[in-house]
Amino acid sequence: MKKTMKNLKSFLRYVFLITVSFFSVFPLYWMAISATNKNVDVIRGTLMPGTYLVENFKTLIDQQNLGGALVNSFRNSIVLTVISLLICSLAGYGFEIYHSKAKDRFMGVLLLAMMIPFAAIMIPLFTMFANMKLLNTTIGFILPTIATPFLIMLFRQSARSFPRDIIEAARIDGLNELQIFFRMFIPTMKSTYAAAMTITFMAAWNNFLWPRIIMLSNDAVTMPMLVSNIIQGYVTDNGMLMLAVLITTIPTVIIFFILQKNFAEGITGAVK
(Lines give C-alpha, C1' and ligand atoms only; values in the text may rest on other atoms or scores of the structure.)
Protein backbone atom coordinates (compact mmCIF):
# COMPACT_ATOMS: atom_id res chain seq x y z
CA MET A 1 0.00 0.00 0.00
CA LYS A 2 2.78 2.43 0.91
CA LYS A 3 4.62 1.59 -2.30
CA THR A 4 1.46 2.21 -4.32
CA MET A 5 0.93 5.60 -2.68
CA LYS A 6 4.57 6.51 -3.29
CA ASN A 7 4.28 5.57 -6.98
CA LEU A 8 1.06 7.57 -7.26
CA LYS A 9 2.69 10.64 -5.73
CA SER A 10 5.64 10.32 -8.09
CA PHE A 11 3.28 9.95 -11.06
CA LEU A 12 1.26 13.03 -10.06
CA ARG A 13 4.48 14.97 -9.51
CA TYR A 14 5.73 14.15 -12.99
CA VAL A 15 2.35 14.98 -14.52
CA PHE A 16 2.41 18.36 -12.79
CA LEU A 17 5.98 19.10 -13.91
CA ILE A 18 5.25 18.06 -17.50
CA THR A 19 2.12 20.22 -17.57
CA VAL A 20 3.94 23.27 -16.18
CA SER A 21 6.84 22.74 -18.60
CA PHE A 22 4.43 22.52 -21.52
CA PHE A 23 2.74 25.81 -20.67
CA SER A 24 6.16 27.42 -20.17
CA VAL A 25 7.61 26.24 -23.47
CA PHE A 26 4.49 26.51 -25.64
CA PRO A 27 4.65 30.32 -26.17
CA LEU A 28 8.23 29.97 -27.44
CA TYR A 29 7.19 27.11 -29.72
CA TRP A 30 4.24 29.08 -31.06
CA MET A 31 6.43 32.11 -31.69
CA ALA A 32 8.96 30.04 -33.65
CA ILE A 33 6.24 28.26 -35.64
CA SER A 34 4.41 31.51 -36.40
CA ALA A 35 7.63 33.00 -37.82
CA THR A 36 7.50 30.36 -40.58
CA ASN A 37 3.84 30.91 -41.54
CA LYS A 38 1.79 33.47 -43.46
CA ASN A 39 -0.22 36.12 -41.64
CA VAL A 40 -3.50 34.29 -42.31
CA ASP A 41 -2.09 31.03 -40.94
CA VAL A 42 -0.92 32.76 -37.77
CA ILE A 43 -4.37 34.24 -37.25
CA ARG A 44 -5.89 30.78 -37.70
CA GLY A 45 -3.63 29.48 -34.95
CA THR A 46 -1.62 27.02 -37.04
CA LEU A 47 0.64 24.91 -34.85
CA MET A 48 2.68 23.28 -37.62
CA PRO A 49 5.81 24.73 -39.27
CA GLY A 50 5.25 26.57 -42.55
CA THR A 51 7.37 27.44 -45.55
CA TYR A 52 7.09 31.23 -45.36
CA LEU A 53 10.18 31.96 -43.23
CA VAL A 54 12.29 33.37 -46.07
CA GLU A 55 9.43 35.56 -47.31
CA ASN A 56 8.84 36.89 -43.79
CA PHE A 57 12.53 37.68 -43.48
CA LYS A 58 12.60 39.50 -46.83
CA THR A 59 9.53 41.52 -45.85
CA LEU A 60 11.12 42.36 -42.50
CA ILE A 61 14.38 43.69 -43.95
CA ASP A 62 12.48 45.56 -46.68
CA GLN A 63 10.14 47.35 -44.26
CA GLN A 64 12.36 47.75 -41.21
CA ASN A 65 15.98 48.65 -40.51
CA LEU A 66 16.79 45.23 -39.03
CA GLY A 67 20.56 45.46 -39.41
CA GLY A 68 20.74 48.88 -37.82
CA ALA A 69 18.48 47.83 -34.95
CA LEU A 70 20.64 44.78 -34.22
CA VAL A 71 23.85 46.84 -34.29
CA ASN A 72 22.33 49.51 -32.01
CA SER A 73 21.00 46.93 -29.55
CA PHE A 74 24.26 44.99 -29.38
CA ARG A 75 26.38 48.15 -29.05
CA ASN A 76 24.20 49.72 -26.37
CA SER A 77 23.81 46.50 -24.39
CA ILE A 78 27.48 45.48 -24.50
CA VAL A 79 28.78 48.94 -23.59
CA LEU A 80 26.26 49.28 -20.75
CA THR A 81 27.03 45.79 -19.44
CA VAL A 82 30.81 46.26 -19.36
CA ILE A 83 30.74 49.70 -17.74
CA SER A 84 27.96 48.78 -15.30
CA LEU A 85 29.78 45.65 -14.11
CA LEU A 86 32.97 47.62 -13.50
CA ILE A 87 31.30 50.47 -11.61
CA CYS A 88 28.87 48.34 -9.58
CA SER A 89 31.51 45.78 -8.60
CA LEU A 90 33.88 48.52 -7.49
CA ALA A 91 31.09 50.10 -5.47
CA GLY A 92 29.97 46.81 -3.90
CA TYR A 93 33.56 45.88 -3.08
CA GLY A 94 34.19 49.26 -1.49
CA PHE A 95 30.98 49.19 0.55
CA GLU A 96 31.92 45.85 2.13
CA ILE A 97 35.72 45.85 2.37
CA TYR A 98 35.85 49.42 3.73
CA HIS A 99 32.80 48.95 5.90
CA SER A 100 31.44 51.73 8.13
CA LYS A 101 28.11 52.87 9.55
CA ALA A 102 28.06 55.88 7.24
CA LYS A 103 28.37 53.57 4.24
CA ASP A 104 25.51 51.44 5.60
CA ARG A 105 23.27 54.50 5.77
CA PHE A 106 24.26 55.54 2.25
CA MET A 107 23.54 52.01 1.02
CA GLY A 108 20.10 52.28 2.58
CA VAL A 109 19.46 55.45 0.60
CA LEU A 110 20.52 53.64 -2.59
CA LEU A 111 18.14 50.79 -1.86
CA LEU A 112 15.31 53.26 -1.29
CA ALA A 113 15.98 54.57 -4.80
CA MET A 114 14.82 51.19 -6.12
CA MET A 115 11.30 52.10 -4.98
CA ILE A 116 11.08 55.16 -7.26
CA PRO A 117 9.35 54.22 -10.54
CA PHE A 118 11.18 55.23 -13.69
CA ALA A 119 8.05 56.98 -15.00
CA ALA A 120 8.43 59.52 -12.18
CA ILE A 121 11.89 60.67 -13.34
CA MET A 122 11.85 60.12 -17.12
CA ILE A 123 10.64 63.66 -17.98
CA PRO A 124 13.34 65.43 -15.90
CA LEU A 125 15.89 62.98 -17.32
CA PHE A 126 14.83 63.72 -20.89
CA THR A 127 15.03 67.47 -20.28
CA MET A 128 18.48 67.14 -18.72
CA PHE A 129 19.80 64.91 -21.51
CA ALA A 130 18.34 67.17 -24.19
CA ASN A 131 20.14 70.17 -22.66
CA MET A 132 23.36 68.11 -22.58
CA LYS A 133 22.83 67.19 -26.27
CA LEU A 134 22.92 63.47 -25.50
CA LEU A 135 19.84 62.45 -27.46
CA ASN A 136 20.33 59.60 -29.97
CA THR A 137 23.64 58.62 -28.34
CA THR A 138 24.93 55.51 -26.59
CA ILE A 139 26.01 57.67 -23.64
CA GLY A 140 22.47 58.93 -23.26
CA PHE A 141 21.21 55.35 -23.31
CA ILE A 142 23.54 53.98 -20.64
CA LEU A 143 23.86 56.84 -18.13
CA PRO A 144 20.50 56.38 -16.29
CA THR A 145 21.23 52.69 -15.61
CA ILE A 146 25.02 52.67 -15.51
CA ALA A 147 24.92 51.85 -11.79
CA THR A 148 21.93 50.14 -10.19
CA PRO A 149 21.34 49.58 -6.46
CA PHE A 150 20.54 45.91 -7.11
CA LEU A 151 23.90 45.15 -8.73
CA ILE A 152 25.78 47.09 -6.06
CA MET A 153 23.96 45.08 -3.39
CA LEU A 154 24.70 41.83 -5.27
CA PHE A 155 28.43 42.54 -5.40
CA ARG A 156 28.44 43.73 -1.81
CA GLN A 157 26.87 40.48 -0.65
CA SER A 158 29.41 38.49 -2.67
CA ALA A 159 32.29 40.55 -1.24
CA ARG A 160 31.27 39.41 2.26
CA SER A 161 32.46 35.91 1.35
CA PHE A 162 35.76 37.18 -0.05
CA PRO A 163 38.50 36.04 2.38
CA ARG A 164 40.02 38.96 4.30
CA ASP A 165 43.22 36.99 4.79
CA ILE A 166 43.87 37.22 1.05
CA ILE A 167 43.53 41.00 1.16
CA GLU A 168 45.91 41.32 4.09
CA ALA A 169 48.44 39.00 2.47
CA ALA A 170 48.25 40.93 -0.79
CA ARG A 171 48.81 44.23 1.02
CA ILE A 172 51.86 42.78 2.76
CA ASP A 173 53.19 41.69 -0.65
CA GLY A 174 52.94 45.29 -1.82
CA LEU A 175 49.77 45.24 -3.94
CA ASN A 176 47.66 48.39 -3.87
CA GLU A 177 43.88 48.32 -3.56
CA LEU A 178 43.14 48.43 -7.30
CA GLN A 179 45.60 45.60 -7.95
CA ILE A 180 43.89 43.52 -5.27
CA PHE A 181 40.52 44.22 -6.88
CA PHE A 182 41.51 43.42 -10.47
CA ARG A 183 43.95 40.57 -9.82
CA MET A 184 42.23 38.80 -6.94
CA PHE A 185 38.62 39.87 -6.42
CA ILE A 186 37.44 39.69 -10.04
CA PRO A 187 38.87 36.20 -10.78
CA THR A 188 37.41 34.89 -7.51
CA MET A 189 33.92 36.30 -8.20
CA LYS A 190 33.46 34.89 -11.72
CA SER A 191 30.04 33.47 -10.86
CA THR A 192 28.80 36.79 -9.48
CA TYR A 193 30.04 38.59 -12.58
CA ALA A 194 28.31 36.03 -14.79
CA ALA A 195 25.01 36.53 -12.94
CA ALA A 196 25.35 40.31 -13.06
CA MET A 197 26.26 40.22 -16.75
CA THR A 198 23.20 38.11 -17.54
CA ILE A 199 20.87 40.44 -15.64
CA THR A 200 22.39 43.64 -17.04
CA PHE A 201 22.59 42.48 -20.66
CA MET A 202 19.01 41.18 -20.68
CA ALA A 203 17.70 44.37 -19.06
CA ALA A 204 19.62 46.57 -21.51
CA TRP A 205 18.61 44.48 -24.53
CA ASN A 206 14.91 44.46 -23.58
CA ASN A 207 14.83 48.10 -22.46
CA PHE A 208 12.08 49.87 -24.36
CA LEU A 209 10.75 52.93 -22.54
CA TRP A 210 13.97 54.94 -22.17
CA PRO A 211 15.27 54.28 -25.72
CA ARG A 212 11.81 55.16 -27.02
CA ILE A 213 12.09 58.53 -25.28
CA ILE A 214 15.70 59.44 -26.01
CA MET A 215 16.30 57.77 -29.40
CA LEU A 216 14.44 60.14 -31.71
CA SER A 217 16.21 59.23 -34.94
CA ASN A 218 15.25 56.24 -37.09
CA ASP A 219 18.95 55.37 -37.27
CA ALA A 220 19.03 54.89 -33.48
CA VAL A 221 16.17 52.35 -33.31
CA THR A 222 16.72 49.23 -31.15
CA MET A 223 15.14 45.78 -31.51
CA PRO A 224 12.30 46.35 -28.98
CA MET A 225 11.53 49.64 -30.76
CA LEU A 226 11.55 47.83 -34.12
CA VAL A 227 8.99 45.32 -32.82
CA SER A 228 6.87 48.21 -31.54
CA ASN A 229 7.03 49.90 -34.95
CA ILE A 230 5.68 46.73 -36.60
CA ILE A 231 2.77 46.54 -34.16
CA GLN A 232 1.85 50.19 -34.68
CA GLY A 233 1.39 49.80 -38.43
CA TYR A 234 -2.03 50.09 -40.05
CA VAL A 235 -1.94 46.40 -40.96
CA THR A 236 0.16 44.02 -38.86
CA ASP A 237 1.85 41.12 -40.61
CA ASN A 238 1.87 38.62 -37.75
CA GLY A 239 4.31 36.28 -39.44
CA MET A 240 6.84 39.08 -39.86
CA LEU A 241 6.09 40.28 -36.33
CA MET A 242 6.78 36.87 -34.82
CA LEU A 243 10.01 36.59 -36.79
CA ALA A 244 11.13 39.96 -35.40
CA VAL A 245 10.22 38.85 -31.86
CA LEU A 246 12.12 35.59 -32.41
CA ILE A 247 15.24 37.44 -33.58
CA THR A 248 14.93 39.77 -30.59
CA THR A 249 14.66 36.83 -28.18
CA ILE A 250 17.56 34.70 -29.48
CA PRO A 251 20.52 36.74 -28.06
CA THR A 252 19.16 36.79 -24.51
CA VAL A 253 18.30 33.08 -24.65
CA ILE A 254 21.83 32.24 -25.82
CA ILE A 255 23.40 34.39 -23.09
CA PHE A 256 21.26 32.77 -20.40
CA PHE A 257 21.89 29.18 -21.48
CA ILE A 258 25.63 29.75 -21.74
CA LEU A 259 25.82 31.31 -18.27
CA GLN A 260 22.95 29.54 -16.49
CA LYS A 261 25.20 27.49 -14.18
CA ASN A 262 27.31 30.50 -13.22
CA PHE A 263 24.12 32.57 -12.94
CA ALA A 264 22.70 30.25 -10.29
CA GLU A 265 25.99 30.19 -8.39
CA GLY A 266 26.34 33.96 -8.58
CA ILE A 267 22.83 34.66 -7.31
CA THR A 268 23.34 32.35 -4.34
CA GLY A 269 26.68 33.99 -3.55
CA ALA A 270 28.87 30.97 -4.26
CA VAL A 271 32.61 31.64 -4.46
CA LYS A 272 34.94 29.47 -6.52
# chains A, B, ... in the order shown; residues from 1 in each chain; ligands from 1
call {"tool": "residues_around", "arguments": {"residues": "segment 137-147 of chain A", "least_positions_apart": "4", "cutoff": "8 Å", "atoms": "only C-alpha atoms", "output": "NGL selection string"}}
result
:A and (75-76 or 79-80 or 83-84 or 87-88 or 129 or 151-152 or 210-211 or 214-215 or 220)
call {"tool": "select_by_dssp", "arguments": {"residues": "segment 107-192 of chain A", "states": "helix (DSSP H, G or I)", "output": "PyMOL selection string"}}
result
chain A and resi 107-113+118-120+122-131+138-145+149-159+164-172+177-188+190-192
call {"tool": "closest_residue", "arguments": {"among": "A:Ile213, A:Ile247, A:Val40, A:Leu226", "to": "Leu134 of chain A", "atoms": "only C-alpha atoms"}}
result
A:Ile213
call {"tool": "closest_residue", "arguments": {"among": "A:Ala194, A:Asn56, A:Tyr93, A:Phe16", "to": "Ile167 of chain A", "atoms": "only C-alpha atoms"}}
result
A:Tyr93
call {"tool": "residues_around", "arguments": {"residues": "Leu246 of chain A", "least_positions_apart": "4", "cutoff": "7 Å", "atoms": "only C-alpha atoms", "output": "PyMOL selection string"}}
result
chain A and resi 31-32+242+250
call {"tool": "residues_around", "arguments": {"residues": "Met240 of chain A", "least_positions_apart": "5", "cutoff": "12 Å", "atoms": "only C-alpha atoms", "output": "VMD selection string"}}
result
chain A and resid 31 to 40 42 52 to 64 66 226 to 227 229 to 231 235 245 to 247
call {"tool": "closest_atom_pairs", "arguments": {"of": "segment 124-216 of chain A", "to": "segment 252-264 of chain A", "cutoff": "6 Å", "atoms": "only C-alpha atoms", "output": "CSV"}}
result
residue,atom,partner,partner_atom,distance
A:Ser191,CA,A:Asn262,CA,4.7
A:Ala194,CA,A:Phe263,CA,5.7
A:Ala195,CA,A:Phe263,CA,4.1
A:Met202,CA,A:Thr252,CA,5.8
call {"tool": "closest_residue", "arguments": {"among": "A:Ile186, A:Leu241, A:Met115, A:Leu12", "to": "Phe155 of chain A", "atoms": "only C-alpha atoms"}}
result
A:Ile186
